[in-house]
>>> print(open('entry_1.tsv').read())   # TSV, C-alpha atoms
chain	number	residue	atom	x	y	z
A	1	MET	CA	0.00	0.00	0.00
A	2	ARG	CA	2.80	2.39	0.99
A	3	ALA	CA	4.72	1.47	-2.14
A	4	SER	CA	1.68	2.27	-4.27
A	5	LEU	CA	1.30	5.62	-2.58
A	6	ARG	CA	4.97	6.39	-3.17
A	7	HIS	CA	4.72	5.50	-6.84
A	8	ALA	CA	1.61	7.61	-7.19
A	9	LEU	CA	3.36	10.52	-5.47
A	10	GLY	CA	6.36	10.07	-7.77
A	11	LEU	CA	4.12	10.16	-10.83
A	12	VAL	CA	2.31	13.28	-9.61
A	13	LEU	CA	5.66	15.00	-9.01
A	14	ALA	CA	6.91	14.03	-12.45
A	15	LEU	CA	3.79	15.36	-14.13
A	16	ALA	CA	3.87	18.56	-12.10
A	17	GLY	CA	7.51	19.04	-13.05
A	18	ALA	CA	6.73	18.50	-16.70
A	19	PHE	CA	4.02	21.15	-16.67
A	20	ILE	CA	6.26	23.57	-14.80
A	21	THR	CA	9.02	23.10	-17.37
A	22	LEU	CA	6.65	23.16	-20.37
A	23	PRO	CA	7.21	26.86	-21.21
A	24	LEU	CA	10.98	26.34	-21.09
A	25	ALA	CA	10.78	23.27	-23.27
A	26	ALA	CA	8.69	25.14	-25.82
A	27	GLN	CA	11.27	27.86	-26.25
A	28	GLU	CA	12.93	27.90	-29.63
A	29	SER	CA	16.61	27.21	-29.11
A	30	ARG	CA	17.53	28.34	-32.65
A	31	LEU	CA	16.47	31.86	-31.78
A	32	ALA	CA	18.47	31.94	-28.56
A	33	VAL	CA	21.58	30.78	-30.38
A	34	ARG	CA	21.39	33.20	-33.31
A	35	LEU	CA	19.83	36.35	-31.84
A	36	ASP	CA	20.68	38.60	-28.93
A	37	ALA	CA	18.64	37.93	-25.81
A	38	ALA	CA	16.20	40.83	-26.18
A	39	THR	CA	15.49	40.13	-29.85
A	40	ALA	CA	15.14	36.40	-29.23
A	41	ALA	CA	12.66	37.05	-26.41
A	42	ALA	CA	10.60	39.45	-28.55
A	43	VAL	CA	10.50	37.03	-31.48
A	44	GLU	CA	9.71	34.14	-29.13
A	45	ARG	CA	6.66	36.00	-27.86
A	46	ILE	CA	5.38	36.48	-31.40
A	47	VAL	CA	6.07	32.83	-32.21
A	48	GLN	CA	4.21	31.64	-29.11
A	49	ASP	CA	1.30	33.89	-29.95
A	50	ALA	CA	1.22	32.45	-33.47
A	51	ARG	CA	1.14	28.91	-32.11
A	52	GLU	CA	-1.71	29.77	-29.81
A	53	ARG	CA	-3.68	31.23	-32.72
A	54	GLY	CA	-3.04	28.24	-34.97
A	55	LEU	CA	-0.65	30.06	-37.28
A	56	PRO	CA	2.51	28.35	-38.52
A	57	ALA	CA	5.50	29.24	-36.37
A	58	GLU	CA	8.27	28.03	-38.65
A	59	PRO	CA	8.02	30.85	-41.24
A	60	LEU	CA	8.33	33.37	-38.40
A	61	ILE	CA	11.40	31.62	-37.04
A	62	GLN	CA	12.92	31.47	-40.51
A	63	LYS	CA	12.30	35.19	-41.04
A	64	ALA	CA	14.15	35.92	-37.81
A	65	LEU	CA	17.01	33.60	-38.76
A	66	GLN	CA	17.21	35.25	-42.17
A	67	GLY	CA	17.59	38.60	-40.45
A	68	ALA	CA	20.24	37.21	-38.13
A	69	SER	CA	22.17	35.67	-41.00
A	70	LYS	CA	22.01	38.95	-42.93
A	71	GLN	CA	23.20	40.78	-39.82
A	72	ALA	CA	20.11	42.96	-39.52
A	73	GLY	CA	19.49	44.90	-36.32
A	74	GLY	CA	17.26	43.46	-33.62
A	75	ASP	CA	14.49	46.04	-34.10
A	76	ARG	CA	14.31	45.40	-37.81
A	77	ILE	CA	14.15	41.65	-37.27
A	78	VAL	CA	11.31	41.96	-34.75
A	79	GLN	CA	9.48	44.35	-37.06
A	80	ALA	CA	9.83	41.92	-40.00
A	81	VAL	CA	8.62	38.98	-37.93
A	82	ARG	CA	5.67	40.97	-36.61
A	83	ALA	CA	4.73	42.07	-40.14
A	84	LEU	CA	4.88	38.47	-41.35
A	85	TYR	CA	2.70	37.42	-38.43
A	86	GLY	CA	0.10	39.97	-39.57
A	87	ARG	CA	0.20	38.68	-43.15
A	88	LEU	CA	-0.14	35.07	-41.99
A	89	GLU	CA	-3.16	36.10	-39.95
A	90	THR	CA	-4.70	37.76	-43.02
A	91	ALA	CA	-3.78	34.72	-45.11
A	92	LYS	CA	-5.60	32.45	-42.68
A	93	SER	CA	-8.69	34.62	-42.88
A	94	ILE	CA	-8.58	34.29	-46.68
A	95	VAL	CA	-7.66	30.62	-47.03
A	96	GLY	CA	-9.36	29.25	-43.92
A	97	ALA	CA	-8.07	25.78	-43.11
A	98	GLY	CA	-5.05	25.45	-45.35
A	99	THR	CA	-1.61	23.96	-45.22
A	100	GLU	CA	1.42	25.86	-43.97
A	101	SER	CA	2.57	26.08	-47.57
A	102	ASP	CA	-0.74	27.69	-48.59
A	103	LEU	CA	-0.55	30.26	-45.81
A	104	VAL	CA	3.08	31.10	-46.55
A	105	SER	CA	2.27	31.54	-50.24
A	106	VAL	CA	-0.69	33.80	-49.58
A	107	ALA	CA	1.36	35.83	-47.10
A	108	ALA	CA	4.15	36.18	-49.68
A	109	ALA	CA	1.66	37.28	-52.32
A	110	LEU	CA	0.28	39.90	-49.92
A	111	GLU	CA	3.81	41.15	-49.31
A	112	ALA	CA	4.37	41.36	-53.07
A	113	GLY	CA	1.31	43.60	-53.43
A	114	ALA	CA	-1.55	41.18	-54.07
A	115	THR	CA	-4.86	42.37	-52.65
A	116	ARG	CA	-7.29	40.50	-50.48
A	117	SER	CA	-9.89	40.53	-53.27
A	118	SER	CA	-7.44	39.07	-55.80
A	119	LEU	CA	-6.54	36.24	-53.44
A	120	GLU	CA	-10.21	35.59	-52.71
A	121	ARG	CA	-10.81	35.28	-56.46
A	122	LEU	CA	-8.08	32.67	-56.64
A	123	ARG	CA	-9.49	30.83	-53.64
A	124	ALA	CA	-12.92	30.75	-55.27
A	125	ALA	CA	-11.45	29.22	-58.44
A	126	ARG	CA	-9.38	26.69	-56.57
A	127	ARG	CA	-10.62	23.14	-56.18
A	128	GLU	CA	-10.93	21.70	-52.71
A	129	GLY	CA	-7.67	20.13	-51.60
A	130	GLU	CA	-5.61	21.55	-54.45
A	131	PRO	CA	-2.48	23.45	-53.38
A	132	PHE	CA	-2.67	27.20	-53.51
A	133	ALA	CA	1.04	27.96	-53.64
A	134	PRO	CA	1.73	27.82	-57.42
A	135	ALA	CA	-1.10	30.21	-58.26
A	136	CYS	CA	-0.17	32.56	-55.40
A	137	LEU	CA	3.47	32.66	-56.42
A	138	THR	CA	2.47	33.40	-60.00
A	139	LEU	CA	0.12	36.12	-58.78
A	140	ALA	CA	3.04	37.67	-56.88
A	141	PHE	CA	5.13	37.38	-60.04
A	142	LEU	CA	2.51	39.17	-62.15
A	143	VAL	CA	1.93	41.88	-59.56
A	144	GLY	CA	5.68	42.36	-59.49
A	145	LYS	CA	5.54	42.91	-63.25
A	146	GLY	CA	3.00	45.67	-62.72
A	147	VAL	CA	-0.20	43.76	-63.48
A	148	GLU	CA	-3.24	44.94	-61.51
A	149	PRO	CA	-3.91	42.21	-58.89
A	150	ASP	CA	-7.57	41.51	-59.71
A	151	ARG	CA	-6.83	41.21	-63.46
A	152	ALA	CA	-3.95	38.85	-62.72
A	153	ALA	CA	-6.21	36.80	-60.46
A	154	ASP	CA	-8.79	36.47	-63.26
A	155	VAL	CA	-6.16	35.01	-65.61
A	156	LEU	CA	-4.83	32.61	-62.98
A	157	GLY	CA	-8.33	31.68	-61.85
A	158	ASP	CA	-9.04	30.40	-65.35
A	159	LEU	CA	-5.98	28.18	-65.09
A	160	LEU	CA	-7.12	26.85	-61.72
A	161	VAL	CA	-10.56	26.07	-63.10
A	162	ALA	CA	-8.87	24.23	-65.97
A	163	ARG	CA	-6.94	22.22	-63.35
A	164	ALA	CA	-3.51	23.50	-64.30
A	165	ARG	CA	-0.63	21.59	-62.79
A	166	ASP	CA	2.03	23.14	-60.59
A	167	SER	CA	4.48	22.94	-63.48
A	168	ASP	CA	2.05	24.85	-65.72
A	169	PHE	CA	2.25	27.84	-63.41
A	170	MET	CA	6.04	27.66	-63.38
A	171	LEU	CA	6.08	27.44	-67.17
A	172	LEU	CA	3.67	30.36	-67.39
A	173	GLN	CA	6.08	32.55	-65.42
A	174	ARG	CA	8.97	31.73	-67.72
A	175	LEU	CA	6.92	32.35	-70.85
A	176	ILE	CA	5.58	35.68	-69.59
A	177	ASP	CA	9.04	36.71	-68.48
A	178	ALA	CA	10.41	36.02	-71.96
A	179	ASP	CA	7.52	37.92	-73.59
A	180	VAL	CA	7.94	40.92	-71.30
A	181	ARG	CA	11.66	41.00	-71.99
A	182	ALA	CA	10.77	41.06	-75.67
A	183	GLY	CA	8.56	44.06	-75.05
A	184	ALA	CA	5.08	42.61	-74.47
A	185	PRO	CA	2.72	44.21	-71.93
A	186	PRO	CA	2.69	41.84	-68.91
A	187	LEU	CA	-1.11	41.44	-68.66
A	188	GLU	CA	-1.49	40.70	-72.36
A	189	ALA	CA	1.39	38.22	-72.22
A	190	ALA	CA	-0.28	36.55	-69.24
A	191	ARG	CA	-3.65	36.28	-70.98
A	192	VAL	CA	-2.24	34.87	-74.21
A	193	ARG	CA	0.10	32.43	-72.52
A	194	ALA	CA	-2.56	31.24	-70.06
A	195	ARG	CA	-4.96	30.65	-72.95
A	196	GLY	CA	-2.26	28.64	-74.70
A	197	LEU	CA	-1.71	26.50	-71.62
A	198	ILE	CA	-5.43	25.87	-71.23
A	199	VAL	CA	-5.89	24.64	-74.80
A	200	GLY	CA	-2.54	22.87	-74.71
A	201	PRO	CA	-0.98	20.79	-71.96
A	202	VAL	CA	-3.38	21.76	-69.18
A	203	ARG	CA	-5.93	19.09	-68.38
A	204	ARG	CA	-9.48	20.00	-69.24
A	205	VAL	CA	-12.19	19.76	-66.62
A	206	PRO	CA	-13.97	16.48	-67.41
B	1	MET	CA	22.65	6.45	24.69
B	2	GLU	CA	20.82	3.72	22.78
B	3	ARG	CA	22.46	2.63	19.56
B	4	GLU	CA	20.33	2.26	16.52
B	5	PRO	CA	19.39	-1.37	15.99
B	6	ASN	CA	20.89	-3.11	13.00
B	7	GLU	CA	21.14	-6.60	11.51
B	8	LEU	CA	23.64	-7.67	14.17
B	9	THR	CA	21.45	-6.73	17.06
B	10	PRO	CA	19.70	-10.11	17.36
B	11	VAL	CA	23.03	-11.93	17.23
B	12	PHE	CA	24.40	-9.62	19.85
B	13	ARG	CA	21.43	-10.25	22.09
B	14	GLN	CA	21.78	-13.98	21.62
B	15	LEU	CA	25.48	-13.88	22.49
B	16	ARG	CA	24.81	-11.74	25.47
B	17	GLY	CA	22.37	-14.33	26.78
B	18	MET	CA	24.68	-17.33	26.25
B	19	PRO	CA	25.65	-19.13	29.46
B	20	GLY	CA	29.34	-19.44	30.23
B	21	GLY	CA	30.29	-16.36	28.32
B	22	SER	CA	32.81	-14.41	30.31
B	23	ALA	CA	32.22	-10.76	31.01
B	24	ALA	CA	35.56	-9.91	29.36
B	25	ALA	CA	34.72	-11.89	26.26
B	26	ARG	CA	31.31	-10.30	26.09
B	27	ALA	CA	32.90	-6.87	26.48
B	28	ARG	CA	35.33	-7.56	23.63
B	29	LEU	CA	32.57	-8.85	21.49
B	30	GLU	CA	30.44	-5.86	22.36
B	31	ARG	CA	33.27	-3.48	21.42
B	32	ALA	CA	33.81	-5.29	18.12
B	33	LEU	CA	30.14	-5.18	17.31
B	34	ALA	CA	29.93	-1.56	18.29
B	35	GLY	CA	32.68	-0.84	15.76
B	36	THR	CA	30.71	-2.48	12.98
B	37	PRO	CA	29.34	0.30	10.81
B	38	PRO	CA	25.59	0.30	10.49
B	39	PRO	CA	24.18	-0.61	7.13
B	40	VAL	CA	24.11	2.28	4.71
B	41	ARG	CA	20.72	3.92	4.83
B	42	THR	CA	19.51	5.91	1.87
B	43	ARG	CA	18.25	9.31	2.69
B	44	ARG	CA	14.63	9.81	1.76
B	45	VAL	CA	13.25	13.05	0.50
B	46	LEU	CA	9.53	13.56	0.96
B	47	GLY	CA	9.27	9.87	1.77
B	48	LEU	CA	10.66	8.81	-1.60
B	49	PRO	CA	13.92	6.92	-2.06
B	50	PRO	CA	16.50	8.33	-4.49
B	51	LEU	CA	15.67	5.64	-7.04
B	52	SER	CA	12.08	6.86	-7.25
B	53	TRP	CA	13.31	10.44	-7.67
B	54	ALA	CA	15.71	9.34	-10.40
B	55	ALA	CA	12.92	7.47	-12.20
B	56	GLY	CA	10.66	10.49	-11.82
B	57	LEU	CA	13.29	12.87	-13.19
B	58	ILE	CA	13.99	10.61	-16.16
B	59	GLY	CA	10.26	10.43	-16.82
B	60	LEU	CA	10.03	14.19	-16.52
B	61	PHE	CA	12.88	14.65	-18.98
B	62	LEU	CA	11.32	12.26	-21.50
B	63	LEU	CA	7.93	13.90	-21.11
B	64	GLY	CA	9.48	17.34	-21.52
B	65	ALA	CA	11.34	16.20	-24.64
B	66	LEU	CA	8.12	14.76	-26.04
B	67	VAL	CA	6.25	17.97	-25.33
B	68	GLU	CA	9.03	20.07	-26.88
B	69	ARG	CA	9.02	17.94	-30.00
B	70	ARG	CA	5.27	18.35	-30.31
B	71	VAL	CA	5.35	22.11	-29.76
B	72	VAL	CA	8.44	23.18	-31.67
B	73	GLN	CA	8.10	20.98	-34.71
B	74	PRO	CA	6.84	22.93	-37.64
B	75	SER	CA	3.33	21.91	-38.44
B	76	ALA	CA	0.61	22.83	-40.80
B	77	VAL	CA	-2.34	24.73	-39.45
B	78	ALA	CA	-4.60	22.00	-40.67
B	79	PRO	CA	-3.76	18.51	-41.85
B	80	PRO	CA	-2.79	18.76	-45.49
B	81	ALA	CA	-5.05	17.11	-48.00
B	82	THR	CA	-2.24	14.92	-49.24
B	83	VAL	CA	0.16	14.24	-46.42
B	84	SER	CA	2.66	12.40	-48.58
B	85	GLY	CA	2.76	15.28	-51.04
B	86	GLU	CA	3.53	17.76	-48.28
B	87	THR	CA	6.20	15.77	-46.52
B	88	ALA	CA	7.93	13.97	-49.37
B	89	THR	CA	11.19	15.50	-50.55
B	90	ARG	CA	12.47	16.06	-54.06
B	91	PRO	CA	16.03	16.74	-55.18
B	92	VAL	CA	16.44	20.37	-56.22
B	93	GLN	CA	19.55	21.71	-57.91
B	94	PHE	CA	20.84	25.21	-57.26
B	95	VAL	CA	23.35	26.76	-59.63
B	96	LEU	CA	25.27	30.02	-59.55
B	97	VAL	CA	27.85	31.10	-62.09
B	98	ALA	CA	30.53	33.02	-60.20
B	99	SER	CA	33.93	32.57	-61.79
B	100	ASP	CA	35.74	34.87	-59.38
B	101	ALA	CA	34.29	33.35	-56.21
B	102	GLN	CA	36.37	31.40	-53.75
B	103	SER	CA	33.33	29.96	-51.98
B	104	VAL	CA	29.57	29.96	-52.46
B	105	SER	CA	26.99	28.91	-49.88
B	106	LEU	CA	23.28	28.36	-50.22
B	107	VAL	CA	21.30	29.78	-47.33
B	108	GLY	CA	17.57	29.77	-46.92
B	109	ASP	CA	14.44	28.64	-45.15
B	110	PHE	CA	15.42	25.01	-45.70
B	111	ASN	CA	18.68	25.17	-43.72
B	112	ASP	CA	17.88	27.74	-41.02
B	113	TRP	CA	19.82	30.37	-42.98
B	114	ASP	CA	23.05	28.75	-41.88
B	115	PRO	CA	25.93	29.72	-44.23
B	116	SER	CA	27.89	26.61	-43.30
B	117	ALA	CA	25.06	24.16	-43.97
B	118	SER	CA	25.02	23.92	-47.78
B	119	PRO	CA	28.24	24.86	-49.56
B	120	LEU	CA	28.20	24.69	-53.36
B	121	GLU	CA	30.79	22.75	-55.31
B	122	ARG	CA	32.82	24.52	-57.93
B	123	GLY	CA	32.68	23.17	-61.45
B	124	GLU	CA	34.53	24.20	-64.59
B	125	GLY	CA	34.23	27.85	-65.57
B	126	GLY	CA	33.06	28.91	-62.13
B	127	VAL	CA	29.76	27.02	-62.28
B	128	TRP	CA	28.88	26.35	-58.66
B	129	SER	CA	26.14	23.86	-57.82
B	130	VAL	CA	24.54	21.82	-55.09
B	131	VAL	CA	21.56	19.49	-54.90
B	132	LEU	CA	19.32	19.48	-51.84
B	133	PRO	CA	16.33	17.30	-51.01
B	134	LEU	CA	13.44	19.68	-50.35
B	135	ARG	CA	9.85	19.06	-49.40
B	136	THR	CA	6.99	20.52	-51.35
B	137	GLY	CA	6.43	24.18	-50.57
B	138	GLN	CA	7.68	27.71	-51.03
B	139	PHE	CA	11.13	28.74	-49.86
B	140	THR	CA	13.14	31.93	-49.68
B	141	TYR	CA	16.90	31.70	-50.20
B	142	SER	CA	20.07	33.49	-51.24
B	143	PHE	CA	23.58	32.70	-52.32
B	144	LEU	CA	26.38	33.91	-50.09
B	145	VAL	CA	29.56	34.48	-52.10
B	146	ASP	CA	32.90	34.47	-50.31
B	147	GLY	CA	31.10	34.77	-47.01
B	148	ARG	CA	30.14	38.41	-47.53
B	149	GLU	CA	28.25	39.08	-50.77
B	150	TRP	CA	24.57	38.16	-50.92
B	151	ARG	CA	23.21	37.34	-54.35
B	152	ALA	CA	19.74	36.44	-55.55
B	153	ASP	CA	19.37	33.46	-57.84
B	154	PRO	CA	19.31	34.88	-61.39
B	155	ALA	CA	17.24	31.88	-62.48
B	156	ALA	CA	14.50	32.38	-59.90
B	157	LEU	CA	11.83	34.85	-58.89
B	158	ARG	CA	13.14	37.66	-56.71
B	159	ALA	CA	11.62	37.72	-53.23
B	160	ALA	CA	9.39	40.71	-52.61
B	161	GLY	CA	9.28	42.73	-49.43
B	162	GLU	CA	11.62	42.70	-46.48
B	163	ASP	CA	14.90	41.03	-47.38
B	164	PHE	CA	16.98	42.98	-44.84
B	165	GLY	CA	18.68	44.92	-47.60
B	166	ARG	CA	20.22	41.84	-49.14
B	167	PRO	CA	18.52	40.13	-52.07
B	168	SER	CA	16.71	36.83	-51.86
B	169	SER	CA	14.93	34.56	-54.28
B	170	VAL	CA	11.77	32.49	-54.06
B	171	LEU	CA	11.52	28.86	-54.96
B	172	LEU	CA	8.44	26.72	-55.23
B	173	VAL	CA	8.99	23.00	-54.96
B	174	ALA	CA	6.03	21.61	-56.81
B	175	ARG	CA	4.31	18.32	-56.20
B	176	ALA	CA	5.55	15.33	-58.11
B	177	GLU	CA	3.23	14.87	-61.06
B	178	THR	CA	1.88	11.48	-61.88
>>> encode(input="entry_1.tsv", output="C-alpha cells")
Amino acid sequence: MRASLRHALGLVLALAGAFITLPLAAQESRLAVRLDAATAAAVERIVQDARERGLPAEPLIQKALQGASKQAGGDRIVQAVRALYGRLETAKSIVGAGTESDLVSVAAALEAGATRSSLERLRAARREGEPFAPACLTLAFLVGKGVEPDRAADVLGDLLVARARDSDFMLLQRLIDADVRAGAPPLEAARVRARGLIVGPVRRVP
Amino acid sequence: MEREPNELTPVFRQLRGMPGGSAAARARLERALAGTPPPVRTRRVLGLPPLSWAAGLIGLFLLGALVERRVVQPSAVAPPATVSGETATRPVQFVLVASDAQSVSLVGDFNDWDPSASPLERGEGGVWSVVLPLRTGQFTYSFLVDGREWRADPAALRAAGEDFGRPSSVLLVARAET
C-alpha cells in the first residue's frame, strides 16, 4: 500500500515538473543561439502567440534567422517577424483551413502587393484540396511585373478552373518573363500564354 | 545512549544471553560489534527513495522532450489534404555562375539560414552547384559568395518585401506529377 502511494506521489511530481518546465521546453533554441537575448525574447513572444492562434511558427522563425544571417538589427528583425505574423493572420482569414505552404504563399503574395480581393478570387477558383502555392506565387510574379492584382487573379483563376498543374504555373512565369523581356505588356502576355496552356498541356475539366 | 538497531542486534542479544560467556569476552565482542558500521541507509526526500526520484526525473525529462518535439516541430495549421505530397522531398539543384568566387553557400528557409550548412561545389568555368532534397512548398533563399556578398538566384523569382537589404529569391517545390 505504501509502495503504491509512493509510486503515485512520484508520478504526480513528475507530471507537475513537466508542466512547470513546459514553457521552457517550448522555447525555440535556434532563436536563442542566433539572436541577442532581447530580440530572441521578442521574437519568441510572437512565435508563441502564433502557435496559440493556430498560425505556422516556422516561417516566423525562418524570417528571424534570415535577419540574423544577414546581420540585420534586432528592431528590424522583430518588425519583420511581426509584419509576417500579420500577413499570416490575413492569409488564414482568406484561405481558412489550409496547409502551412498555402498560408506562406498567400502571405508572400500579400507582401508582393496582391490584394485580399485578388486572393479571394483565386481561392474561389481553386478546387478543394488543391495546393494554392503555385497560383499565389504566379500572382506575386505578375503583380511584381505591374499587373493589376484583380486582373492577374482572373487570368490565374481560369488556369485553376482548368486544373492547371504546378508545373504549368512555373512554365507560365517563364513564358511571360520572356515575352515581357521582348517588349510585351505583362497582362497581355499573361492572358495569351494562359490561354495557350489551357488549350494545350493543361488538363481540361472532365 | 541507545544505539540504533541493525542486523547484528539479534546476534548480539543472543550472544549476550549465552551461558558461560565471560564478562571480558562479552565486552570484547560488544566493542567489536559496536565498531561495525551500520548498514548504509539511503536518505529519503519527501518519503521517496532516491531511485524513485531518479525514475521520476527521467520520466520528466522524457515527457518534456516529447512535449518540446510536439510544440516546436513545424506543423501545418490543418492537416494537409495529401500528407505524402507535403512531406515527401524532391532533389532540387541550385546553380550560380561566379567565376571569381572562392566559396559559395546556399542559405535559406530550408537550412535555417546557416551559411555553413550547404556549400556549393565549384565546377569548370566557375559554375557552382549543389543538390538538396526539399519538401513541397515555397522557400526563400540566397547565395552567399565568399562569405560576404549576398546574391539572388538569377534563375529564380526575386523575393518581394523585407529582405533585410540583401537580395533573396523564391523557390516553389512543386508536387511530383503522376
>>> residues_near_point(input="entry_1.tsv", point="(-12.4, 40.6, -53.5)", cutoff="12 Å", atoms="all atoms listed in the file", output="list of chain:residue names")
A:Ile94, A:Ala114, A:Thr115, A:Arg116, A:Ser117, A:Ser118, A:Leu119, A:Glu120, A:Arg121, A:Leu122, A:Arg123, A:Ala124, A:Pro149, A:Asp150, A:Arg151, A:Ala153, A:Asp154
>>> atom_distance(input="entry_1.tsv", atom1="atom CA of Arg151 of chain B", atom2="atom CA of Gly73 of chain A")
19.9 Å
>>> atom_distance(input="entry_1.tsv", atom1="atom CA of Glu44 of chain A", atom2="atom CA of Lys63 of chain A")
12.2 Å
>>> closest_residue(input="entry_1.tsv", among="B:Arg175, B:Gly108, B:Leu157, B:Arg166", to="Arg174 of chain A", atoms="all atoms listed in the file")
B:Leu157
>>> atom_distance(input="entry_1.tsv", atom1="atom CA of Arg127 of chain A", atom2="atom CA of Ala189 of chain A")
25.1 Å
>>> residues_around(input="entry_1.tsv", residues="Trp113 of chain B", least_positions_apart="4", cutoff="8 Å", atoms="all atoms listed in the file", output="NGL selection string")
(:A and (62 or 65-66 or 69)) or (:B and (107-109 or 141))
>>> decode(input="entry_1.tsv", residues="segment 46-79 of chain A", atoms="C-alpha atoms", output="PDB file, in the first residue's frame")
ATOM      1  CA  ILE A  46       5.376  36.478 -31.404  1.00  0.00           C
ATOM      2  CA  VAL A  47       6.067  32.828 -32.212  1.00  0.00           C
ATOM      3  CA  GLN A  48       4.214  31.640 -29.115  1.00  0.00           C
ATOM      4  CA  ASP A  49       1.297  33.890 -29.947  1.00  0.00           C
ATOM      5  CA  ALA A  50       1.218  32.453 -33.471  1.00  0.00           C
ATOM      6  CA  ARG A  51       1.138  28.913 -32.106  1.00  0.00           C
ATOM      7  CA  GLU A  52      -1.713  29.775 -29.811  1.00  0.00           C
ATOM      8  CA  ARG A  53      -3.676  31.233 -32.721  1.00  0.00           C
ATOM      9  CA  GLY A  54      -3.041  28.238 -34.967  1.00  0.00           C
ATOM     10  CA  LEU A  55      -0.654  30.062 -37.280  1.00  0.00           C
ATOM     11  CA  PRO A  56       2.510  28.346 -38.518  1.00  0.00           C
ATOM     12  CA  ALA A  57       5.505  29.243 -36.373  1.00  0.00           C
ATOM     13  CA  GLU A  58       8.269  28.026 -38.653  1.00  0.00           C
ATOM     14  CA  PRO A  59       8.017  30.847 -41.245  1.00  0.00           C
ATOM     15  CA  LEU A  60       8.330  33.368 -38.401  1.00  0.00           C
ATOM     16  CA  ILE A  61      11.396  31.622 -37.043  1.00  0.00           C
ATOM     17  CA  GLN A  62      12.921  31.466 -40.515  1.00  0.00           C
ATOM     18  CA  LYS A  63      12.304  35.192 -41.039  1.00  0.00           C
ATOM     19  CA  ALA A  64      14.153  35.924 -37.809  1.00  0.00           C
ATOM     20  CA  LEU A  65      17.008  33.596 -38.761  1.00  0.00           C
ATOM     21  CA  GLN A  66      17.210  35.250 -42.170  1.00  0.00           C
ATOM     22  CA  GLY A  67      17.590  38.602 -40.450  1.00  0.00           C
ATOM     23  CA  ALA A  68      20.240  37.213 -38.130  1.00  0.00           C
ATOM     24  CA  SER A  69      22.170  35.670 -41.002  1.00  0.00           C
ATOM     25  CA  LYS A  70      22.012  38.954 -42.932  1.00  0.00           C
ATOM     26  CA  GLN A  71      23.195  40.783 -39.820  1.00  0.00           C
ATOM     27  CA  ALA A  72      20.110  42.961 -39.519  1.00  0.00           C
ATOM     28  CA  GLY A  73      19.486  44.896 -36.318  1.00  0.00           C
ATOM     29  CA  GLY A  74      17.256  43.457 -33.624  1.00  0.00           C
ATOM     30  CA  ASP A  75      14.491  46.045 -34.096  1.00  0.00           C
ATOM     31  CA  ARG A  76      14.314  45.404 -37.811  1.00  0.00           C
ATOM     32  CA  ILE A  77      14.149  41.646 -37.265  1.00  0.00           C
ATOM     33  CA  VAL A  78      11.306  41.955 -34.752  1.00  0.00           C
ATOM     34  CA  GLN A  79       9.481  44.352 -37.063  1.00  0.00           C
TER      35      GLN A  79
END
